[in-house]
Amino acid sequence: MVPEMRSLPFLIVILCASFSSGCSLPYYWQAVGGHLEVLRKRKPIEEILKSPDASPETRKALRQVLEIRRFAMTALGLPDNGSYNTYVDLGRSYVVWNVVAAEEFSVEPMTWCFLVAGCVSYRGYFDEQAAHRFSIRLEADGLDTAVGGATAYSTLGHFADPVLNTMITNGEQTIAALLIHELAHQRVYFEDDSELNESFATAVEEYGTELWLMRAGKLSGLVEYRERIQRRTDFSKLVSDQQERLREVFARPDSAEAKRTAKQAAFDLMRKEYGVLKQTWRGGATDYDLWFARPLNNAHLASFSTYERWLPGMRRLLEALGLEGFYGEMEVLGKLGPNERRVRLQEWLDTQEVDTDLIPKVPR
């Protein structure tokens, strides 16, 4: 299985559109049934904290959840709608598995359309084997596919989403990032635009996590988190360069076999570039080693780039306007048509000088 999707997972779609949109009845029922099963197992966090059966590690993490949740409402203006007041131990490492697909000679992801979330570039399954079966069906049609586990999901405020055991196993930084990211989806969501939704939520996540660490006085954690962001930015550039390289390959008037050969050579080159990039990271960081630990294809690029395409522009805008101004600009963006929106996003991207040290800043 591919590595988890940055612990910053895609939204899971609960309600499907009409069957004519391509959403089959079995998929509908597994999505609804899987989510209802999660809801059925919820217990109030306050109850878990009083339970002698809860481990000290779980109680510590859930106390952090409540603190970070309050911070997200008061300091970041994120919605207080009942989400993340309850807890579910799923007994597994991921809550859903997302399938991403792309044409053999395209770096653009396929999309599926749903009633609540619009068109998105993945399909989520509560059962890992079901995700792999769907992936195999797509591969039989000649598509590139990727299956990745996700540690959280959002229902965009339609339900009171619980905290999951999958969200609290990797420390305070990850807890803060996940909660802020998912709550950001509940404040702002653009139908039919996965790339914008993920870039927006990731920008708020980065800003909010830095601010949380600063206010908690955890400057060493802040330095560590900023280094993680820089490594993610570096890797995003690697993915973007690969996509541009493949666009040029796929645009050639060559035979299919020639394109396949050039495609493989491009991925071989990307692996070498990653080896060089790693040498620039402090402490021998291996963040993306697992990403390269299997054959790569177009879908793997798409599954990562969905989060990153507009993120540099989002960072710049947030730094320039501050949080409330940033939210206001998102409201303006939501009133634009798709073409106008893309023009504005591209303008922000073209003028971006990447700076991962989002405001507010602390002395180094």
# chains A, B, ... in the order shown; residues from 1 in each chain; ligands from 1
$ residues_around --residues "A:Ile45" --least-positions-apart "2" --cutoff "8 Å" --atoms "only C-alpha atoms" --output "list in words"
Lys43, Glu47, Ile48, Leu49, Leu62, Asn85, Thr86 and Tyr87 of chain A
$ select_by_dssp --residues "stretch 238-292 of chain A" --states "alpha helix (DSSP H)" --output "ChimeraX atom specification"
/A:238-250,256-278
$ atom_distance --atom1 "atom CA of A:Ala75" --atom2 "atom CA of A:Leu222"
17.5 Å
$ closest_atom_pairs --of "stretch 196-255 of chain A" --to "stretch 309-317 of chain A" --cutoff "9 Å" --atoms "only C-alpha atoms" --output "tab-separated table"
residue	atom	partner	partner_atom	distance
A:Leu196	CA	A:Trp310	CA	6.4
A:Glu198	CA	A:Leu311	CA	8.3
A:Ser199	CA	A:Leu311	CA	4.7
A:Phe200	CA	A:Met314	CA	6.4
A:Thr202	CA	A:Leu311	CA	7.3
A:Ala203	CA	A:Arg315	CA	5.8
A:Val204	CA	A:Arg315	CA	8.6
A:Glu206	CA	A:Arg315	CA	8.9
A:Tyr207	CA	A:Arg315	CA	8.6
A:Thr233	CA	A:Pro312	CA	8.7
A:Ser236	CA	A:Arg309	CA	8.4
A:Ser240	CA	A:Arg309	CA	8.1
$ closest_residue --among "A:Ser83, A:Gln242, A:Thr155, A:Thr174" --to "A:Gly208" --atoms "only C-alpha atoms"
A:Thr174
$ closest_residue --among "A:Asn339, A:Asn197, A:Ser106, A:Gln64" --to "A:Arg245" --atoms "only C-alpha atoms"
A:Ser106
$ residues_around --residues "A:Asp127" --least-positions-apart "4" --cutoff "12 Å" --atoms "only C-alpha atoms" --output "MDAnalysis selection string"
chainID A and resid 27 30:31 33:35 92:99 123 131:134 147:150
$ residues_around --residues "stretch 162-164 of chain A" --least-positions-apart "2" --cutoff "6 Å" --atoms "only C-alpha atoms" --output "count of residues only"
7
$ residues_around --residues "A:Asp268" --least-positions-apart "5" --cutoff "12 Å" --atoms "only C-alpha atoms" --output "JSON, numbers by chain"
{"A": [242, 261, 262, 263, 273, 274, 275, 292, 295, 296, 297]}
$ residues_around --residues "A:Val239" --least-positions-apart "6" --cutoff "8 Å" --atoms "only C-alpha atoms" --output "list in words"
Leu301, Phe304 and Ser305 of chain A
$ write_last_selection --atoms "C-alpha atoms" --output "mmCIF file, in the first residue's frame"
data_model
loop_
_atom_site.group_PDB
_atom_site.id
_atom_site.type_symbol
_atom_site.label_atom_id
_atom_site.label_comp_id
_atom_site.auth_asym_id
_atom_site.auth_seq_id
_atom_site.Cartn_x
_atom_site.Cartn_y
_atom_site.Cartn_z
ATOM 1 C CA LEU A 301 1.775 12.528 -8.780
ATOM 2 C CA PHE A 304 0.122 14.596 -3.923
ATOM 3 C CA SER A 305 -0.258 17.625 -6.181
#
$ residues_around --residues "A:Gly142" --least-positions-apart "6" --cutoff "10 Å" --atoms "only C-alpha atoms" --output "list of chain:residue names"
A:Ala102, A:Glu103, A:Glu104, A:Ile136
$ write_last_selection --atoms "C-alpha atoms" --output "short mmCIF file (atom, residue, chain, number, x, y, z; two decimals), in the first residue's frame"
data_model
loop_
_atom_site.label_atom_id
_atom_site.label_comp_id
_atom_site.auth_asym_id
_atom_site.auth_seq_id
_atom_site.Cartn_x
_atom_site.Cartn_y
_atom_site.Cartn_z
CA ALA A 102 -5.17 9.21 -14.20
CA GLU A 103 -4.92 8.35 -17.88
CA GLU A 104 -1.74 6.57 -18.95
CA ILE A 136 -7.72 -3.10 -10.22
#
$ atom_distance --atom1 "atom CA of A:Phe71" --atom2 "atom CA of A:Leu345"
29.0 Å
